[in-house]
Amino acid sequence: MSDNILSDTPIPERALALSDELRLAFKGLLRSMQREGGEMAPNVSMMQYMLLALIHETPGIGVAALARVQNVRGPTVSAQVKSLEEAGLVERSAPDPQDRRRSGLQISAEGLRVVETLRARRRDALARRIARLSPQQMDALGAAMQALLEIGQS
């Protein structure tokens with residue numbers, strides 16, 4: 001797949017149609033997972049959950065890098081991280097010896113419990129929906145996985 005998503009090359013009609021259908025399917029799927037997977041931990045917003053998950057996946061990441069990855073302003077992320085720290089879900093590591101202004105972030109044991117609990121609930125909610133598919137539909141979904149993963153990585 002091309003790395004240049006914003007090219008001047010015309011997009012085939014079939015790709016546009018599939019894109020619209022996929023977007024609607026993902027939107028509905030996300031909503032159902034949120035609804036069926038239960039609520040977030042008390043006082044943890046969706047943004048905070050996403051930050052927790054990123055910190056868990058990238059131990060030592062800094063606030064500026066979190067902001068870049070999430071495409072959110074630094075002060076917004078900084079305020080969210082401060083709330084996560086106050087709730088005991090995130091901890092700061094010792095300052096970077098080369099840049100004393102920067103300290104890395106680590107997920108705490110309680111933060112990990114929050115992430116794992118929500119992931120398990122959402123996984124189970126999605127698995128229940130998949131289990132209702134026919135064997136042929138499950139095969140088709142399995143066959144589409146590689147393409148979906150490739151789209152997600154581009």
# chains A, B, ... in the order shown; residues from 1 in each chain; ligands from 1

call {"tool": "residues_around", "arguments": {"residues": "A:Ala127", "least_positions_apart": "4", "cutoff": "12 Å", "atoms": "only C-alpha atoms", "output": "JSON, numbers by chain"}}
result
{"A": [29, 32, 33, 36, 37, 119, 120, 121, 122, 123, 131, 132, 133, 138]}

call {"tool": "write_last_selection", "arguments": {"atoms": "C-alpha atoms", "output": "mmCIF file, in the first residue's frame"}}
result
data_model
loop_
_atom_site.group_PDB
_atom_site.id
_atom_site.type_symbol
_atom_site.label_atom_id
_atom_site.label_comp_id
_atom_site.auth_asym_id
_atom_site.auth_seq_id
_atom_site.Cartn_x
_atom_site.Cartn_y
_atom_site.Cartn_z
ATOM 1 C CA LEU A 29 -19.592 -1.555 15.849
ATOM 2 C CA SER A 32 -22.380 -1.391 20.191
ATOM 3 C CA MET A 33 -19.071 -2.266 21.869
ATOM 4 C CA GLU A 36 -22.551 -3.686 25.484
ATOM 5 C CA GLY A 37 -19.051 -3.512 26.927
ATOM 6 C CA ARG A 119 -10.633 -4.408 27.147
ATOM 7 C CA ALA A 120 -11.989 -7.743 28.404
ATOM 8 C CA ARG A 121 -15.555 -6.433 28.593
ATOM 9 C CA ARG A 122 -15.361 -4.998 25.093
ATOM 10 C CA ARG A 123 -13.679 -8.099 23.688
ATOM 11 C CA ALA A 131 -20.613 -15.811 17.677
ATOM 12 C CA ARG A 132 -24.067 -15.006 16.242
ATOM 13 C CA LEU A 133 -22.681 -15.011 12.694
ATOM 14 C CA MET A 138 -17.172 -15.908 10.234
#

call {"tool": "closest_residue", "arguments": {"among": "A:Ser7, A:Ser103, A:Gln137, A:Ser45", "to": "A:Pro59", "atoms": "only C-alpha atoms"}}
result
A:Ser103

call {"tool": "atom_distance", "arguments": {"atom1": "atom CA of A:Val115", "atom2": "atom CA of A:Pro42"}}
result
12.4 Å

call {"tool": "residues_around", "arguments": {"residues": "A:Gln34", "least_positions_apart": "6", "cutoff": "10 Å", "atoms": "only C-alpha atoms", "output": "NGL selection string"}}
result
:A and (28 or 40 or 118 or 121-122 or 125-126)
